[in-house]
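Q: Right, I'll just put the structure down here and ask away after.
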Amino acid sequence: MNYTKTFLSVVCPWNRDSAPSPTYKTKSTFLDPPWQPPMNQSTAHTPRGDRLIDREIKRSSNRKNMKANATTSSVKFSAEPEPEAEAEVSPSSPSISALEALSVHLISGLGLGLALLLANNVYSVNLVSHPSLTLLLISVIECPIVILLYSRHRKNREECSYLKAVGRGLVGLPVGALVNSLGAIALGAPVGTQYFLTTIYWSLMMSLFTIVPAVSVFGSSWKDWQRIFAQTNCRPIGSLDFMICLPAHGAIIGAWLGAWPMPLDWERPWQEWPICVSYGAMAGYLVAIVVSFSLILVRASFQHDKRD
């Protein structure tokens, strides 16, 4: 019996009476996520088990990084404003009511009519008989009206005073006259000493219709000039934009249409330069004033209905 116990103790040492039961130590990790499967004795101390644990930890960290990147990208995308919404929110020009627009248009139109009546009734001249003197009277009477009225609605009133806006309008008058005269000559206006004064006075009148209002309100703001005349960024969206844009385009289109009868062989006195062109410019300017005020009224009523 003693020999049997001695043999068994040598062959099977765990059957000894004093030998403790075998224990298995698991790998101690600082991260124990809920998804980690419980380790068993078969993969506790094997390289394959260590690789499986490391692989699961890497997968979990990759998933967390992917979720964090998706969250940050969605937040950035939602924070970036759309270009159209930003263009609508940004203030383009000072706000002006329909009554103020009516007063500006009405006084400008009455000033033009007063100049024609003064030339006809007081000086007994008109565009056909004395075009130079008539255009000079129109420029002299219309100049203070346009500059003083549009300077009241200047942009950035905190940085630009009323006198500064008036000074900008006075500087813009000869500059606009130069631009209009060069454009007329490029399109076929006659050049000579006998047409020199009439071309200058006509250019001053056209400058009051087109350039001076924009200079008095916006100054040298290139974005506003592009919006008003070139319409590259966006279309005119404010009441003051319509007040400047439409009369300017109306005067230019009217002058272009008025130049059509000039090359015809009708041999009429009003076909001379710049008689028919001046009549066309003034007619287009007055029609555009009516259209501008109509659009301002429609826009004001639409905004009122939208608020209600």
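Naming works like this for the structure tokens: A, B, ... for the chains as they're shown, residue 1 at the start of each chain, ligands 1 onward in shown order.
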So that I can check the surroundings of region 240-249 of chain A, please list as a PyMOL selection string every protein, DNA and RNA residue that reaches within 7 Å of it, counting only C-alpha atoms and ignoring chain neighbours fewer than 3 positions away.
A: chain A and resi 93+96+209-210+213-214+228-229+236-237+252-253+285+288-289+292
Q: Would you give me, as JSON lines, each residue of region 210-297 of chain A having an atom within 9 Å of an atom of region 119-139 of chain A, along with its shortest atom pair and that distance in Å to one decimal, using only C-alpha atoms and sorting by chain and residue number?
A:
```
{"residue": "A:Pro269", "atom": "CA", "partner": "A:Val128", "partner_atom": "CA", "distance": 6.7}
{"residue": "A:Trp270", "atom": "CA", "partner": "A:Val128", "partner_atom": "CA", "distance": 5.7}
{"residue": "A:Glu272", "atom": "CA", "partner": "A:Val128", "partner_atom": "CA", "distance": 8.5}
{"residue": "A:Trp273", "atom": "CA", "partner": "A:Pro131", "partner_atom": "CA", "distance": 9.0}
{"residue": "A:Pro274", "atom": "CA", "partner": "A:Pro131", "partner_atom": "CA", "distance": 7.6}
{"residue": "A:Ile275", "atom": "CA", "partner": "A:Leu127", "partner_atom": "CA", "distance": 5.9}
{"residue": "A:Cys276", "atom": "CA", "partner": "A:Leu127", "partner_atom": "CA", "distance": 8.8}
{"residue": "A:Ser278", "atom": "CA", "partner": "A:Leu127", "partner_atom": "CA", "distance": 8.2}
{"residue": "A:Tyr279", "atom": "CA", "partner": "A:Leu127", "partner_atom": "CA", "distance": 8.4}
```
Q: Write a file of the selected residues as a CSV table (one decimal), in the first residue's frame, keeping C-alpha atoms.
A:
```csv
chain,number,residue,atom,x,y,z
A,269,PRO,CA,-34.0,120.0,-86.1
A,270,TRP,CA,-34.6,117.7,-83.1
A,272,GLU,CA,-29.3,116.9,-83.9
A,273,TRP,CA,-27.0,115.9,-81.1
A,274,PRO,CA,-27.9,115.8,-78.2
A,275,ILE,CA,-31.5,116.8,-78.5
A,276,CYS,CA,-33.3,113.5,-79.1
A,278,SER,CA,-31.7,114.2,-74.0
A,279,TYR,CA,-35.4,113.8,-74.5
```
Q: So how far away is CA of Met262 (chain A) from CA of Leu116 (chain A), in Å?
A: 22.2 Å
Q: Pick out the residues sitting within 12 Å of Leu106 (chain A), and hand them over as a ChimeraX atom specification; count only C-alpha atoms, and ignore anything fewer than 5 positions along from it in its own chain.
A: /A:98-101,111-114,145-146,149,243,286,289-290,292-293
Q: Could those selected residues go to a file with N, CA and C atoms, as a compact mmCIF listing (two decimals), in the first residue's frame?
A:
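Now in out.txt:
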```txt
# COMPACT_ATOMS: atom_id res chain seq x y z
N ALA A 98 -41.62 103.79 -47.72
CA ALA A 98 -42.24 104.12 -49.01
C ALA A 98 -42.54 105.62 -49.11
N LEU A 99 -42.87 106.25 -47.99
CA LEU A 99 -43.14 107.68 -48.02
C LEU A 99 -41.88 108.48 -48.32
N GLU A 100 -40.77 108.08 -47.74
CA GLU A 100 -39.50 108.75 -48.05
C GLU A 100 -39.09 108.54 -49.50
N ALA A 101 -39.30 107.34 -50.01
CA ALA A 101 -38.98 107.08 -51.42
C ALA A 101 -39.86 107.94 -52.33
N GLY A 111 -38.14 118.79 -59.84
CA GLY A 111 -36.98 119.62 -60.17
C GLY A 111 -36.67 119.60 -61.66
N LEU A 112 -36.79 118.43 -62.28
CA LEU A 112 -36.57 118.35 -63.71
C LEU A 112 -37.64 119.13 -64.48
N GLY A 113 -38.89 118.98 -64.07
CA GLY A 113 -39.95 119.74 -64.73
C GLY A 113 -39.82 121.24 -64.51
N LEU A 114 -39.38 121.65 -63.32
CA LEU A 114 -39.19 123.07 -63.04
C LEU A 114 -38.08 123.66 -63.91
N ILE A 145 -30.64 119.35 -55.72
CA ILE A 145 -31.76 118.51 -55.31
C ILE A 145 -31.32 117.05 -55.13
N VAL A 146 -30.61 116.55 -56.13
CA VAL A 146 -30.19 115.14 -56.09
C VAL A 146 -29.17 114.91 -54.99
N LEU A 149 -30.76 115.37 -51.37
CA LEU A 149 -31.75 114.35 -51.02
C LEU A 149 -31.10 112.99 -50.77
N MET A 243 -34.36 102.69 -55.77
CA MET A 243 -34.38 104.12 -56.05
C MET A 243 -33.18 104.57 -56.87
N LEU A 286 -37.93 109.51 -65.97
CA LEU A 286 -39.23 109.70 -65.34
C LEU A 286 -40.04 108.40 -65.28
N ILE A 289 -38.63 106.25 -62.55
CA ILE A 289 -39.02 106.73 -61.23
C ILE A 289 -40.38 106.15 -60.84
N VAL A 290 -41.33 106.17 -61.78
CA VAL A 290 -42.66 105.61 -61.50
C VAL A 290 -42.56 104.10 -61.23
N SER A 292 -39.94 102.45 -60.15
CA SER A 292 -39.24 102.25 -58.88
C SER A 292 -40.18 102.43 -57.69
N PHE A 293 -40.97 103.48 -57.71
CA PHE A 293 -41.89 103.69 -56.60
C PHE A 293 -42.95 102.60 -56.54
```
Q: Given the choices A:Ile147, A:Ala165, A:Met206, A:Ala281, which gets closest to Val179 (chain A) if the distance is worked out from only C-alpha atoms?
A: A:Met206
Q: Can you list, as a PyMOL selection string, every residue of region 100-205 of chain A that DSSP puts in alpha helix (DSSP H)?
A: chain A and resi 100-121+131-151+162-186+196-205
